[in-house]
Amino acid sequence: VNDNGIKWRAVPVDFGIPWRTVYGFFQRWRASGDLARIHAELHQKVRVHDGLNPRTVAVILDSQSVKGAETVSQDTRGFDGGKLINGRKRHLAVDMRGMALAVMVTPASPHDSIPARDQLFRLRLTHPEIAVAWADSAYGGTLVDWSRSFLGITLKTVPRRKDQDGFAVLAKRWRVERAISWVMRARRNVRDYERLISHSEAHITWTFITLMVRRLTRPPRPPRTTPHPVEPVKAAGKPKPIRILTQPQTIRLAPTTLR
């Protein structure tokens with residue numbers, strides 16, 4: 001359902017379990033908090049698998065507006081004037097590896113700085129070790145002072161370059177943008193079909209659970225024991241003369257070279 005984007009009633013019959021049973025587990029695990037616990041346990045295991053501390057102290061924030069289907073009610077949707085999208089907005093907080101720590105879905109109409117307060121407050125409750133967060137310029141202004149004063153989180157903005165024309169890879173922000181592209185690989189997340197906002201958050205959580213399980217199946221990367229090689233800087237000297245061929249020359253290749 002999550003990866004292929006099918007309807008609940010379209011669950012294959014040969015799966016062995018009726019679709020109502022599958023949907024029942026989806027709904028109960030989300031309501032009881034089991035889904036959040038599975039995600040939290042896998043997130044720590046992935047970080048340990050990669051040789052990192054199981055808890056991160058730095059996150060990157062960003063949002064994505066997606067169109068809402070006709071099943072999305074008017075009370076839970078809005079119009080994003082910047083992206084010209086009528087639907088919902090997904091707010092992600094990921095670590096430096098691109099794995100989500102918090103997922104929140106709201107109507108697309110509010111400015112990013114408004115639901116960001118709720119998102120940062122949730123991060124403070126569930127991850128008290130977080131000390132710094134990076135985001136784009138939409139999260140600046142009074143939110144920076146509020147985050148430092150009330151939550152003890154240093155919020156830093158990464159603005160666009162002055163000479164930037166179109167898309168450009170920006171420091172820190174590319175990690176959360178890559179995570180958003182991972183979310184869009186699951187076809188159920190291409191458009192929001194859920195009547196409940198909590199179900200939309202659950203589908204995004206299931207997407208990251210699938211990604212983390214795949215990472216755990218890969219062999220761990222060996223730790224680097226030597227620093228990255230750095231090419232020595234050559235001293236500026238007299239430039240070499242450029243050889244210009246005035247007459248065509250024939251290059252002969254050996255038969256072994258041609259083979």
# chains A, B, ... in the order shown; residues from 1 in each chain; ligands from 1

call {"tool": "closest_atom_pairs", "arguments": {"of": "segment 45-126 of chain A", "to": "segment 15-37 of chain A", "cutoff": "12 Å", "atoms": "only C-alpha atoms", "output": "Markdown table"}}
result
| residue | atom | partner | partner_atom | distance |
| --- | --- | --- | --- | --- |
| A:Ala100 | CA | A:Ala36 | CA | 11.4 |
| A:Leu101 | CA | A:Ala36 | CA | 9.9 |
| A:Ala102 | CA | A:Ala36 | CA | 9.5 |
| A:Val103 | CA | A:Ala36 | CA | 10.2 |
| A:Thr126 | CA | A:Ala36 | CA | 10.6 |

call {"tool": "residues_around", "arguments": {"residues": "segment 173-177 of chain A", "least_positions_apart": "6", "cutoff": "12 Å", "atoms": "only C-alpha atoms", "output": "PyMOL selection string"}}
result
chain A and resi 59-64+90-102+133-137+156-160+167+183-184

call {"tool": "select_by_dssp", "arguments": {"residues": "segment 56-235 of chain A", "states": "helix (DSSP H, G or I)", "output": "PyMOL selection string"}}
result
chain A and resi 74-76+113-126+137-139+142-151+173-185+187-189+197-217

call {"tool": "residues_around", "arguments": {"residues": "Gly87 of chain A", "least_positions_apart": "3", "cutoff": "10 Å", "atoms": "only C-alpha atoms", "output": "number ranges by chain"}}
result
A: 65-70, 72-74, 76-80, 84, 106-109, 191-193

call {"tool": "atom_distance", "arguments": {"atom1": "atom CA of Val1 of chain A", "atom2": "atom CA of Arg47 of chain A"}}
result
27.3 Å

call {"tool": "atom_distance", "arguments": {"atom1": "atom CA of Arg215 of chain A", "atom2": "atom CA of Arg188 of chain A"}}
result
21.2 Å

call {"tool": "atom_distance", "arguments": {"atom1": "atom CA of Ala40 of chain A", "atom2": "atom CA of Met212 of chain A"}}
result
10.6 Å

call {"tool": "residues_around", "arguments": {"residues": "Ala138 of chain A", "least_positions_apart": "5", "cutoff": "9 Å", "atoms": "only C-alpha atoms", "output": "count of residues only"}}
result
4

call {"tool": "select_by_dssp", "arguments": {"residues": "segment 31-213 of chain A", "states": "strand (DSSP E or B)", "output": "ChimeraX atom specification"}}
result
/A:58-68,78-80,85-94,100-107,132-135,154-157,192

call {"tool": "closest_residue", "arguments": {"among": "A:Ser198, A:Thr56, A:Thr217, A:Thr205", "to": "Pro128 of chain A", "atoms": "only C-alpha atoms"}}
result
A:Thr56
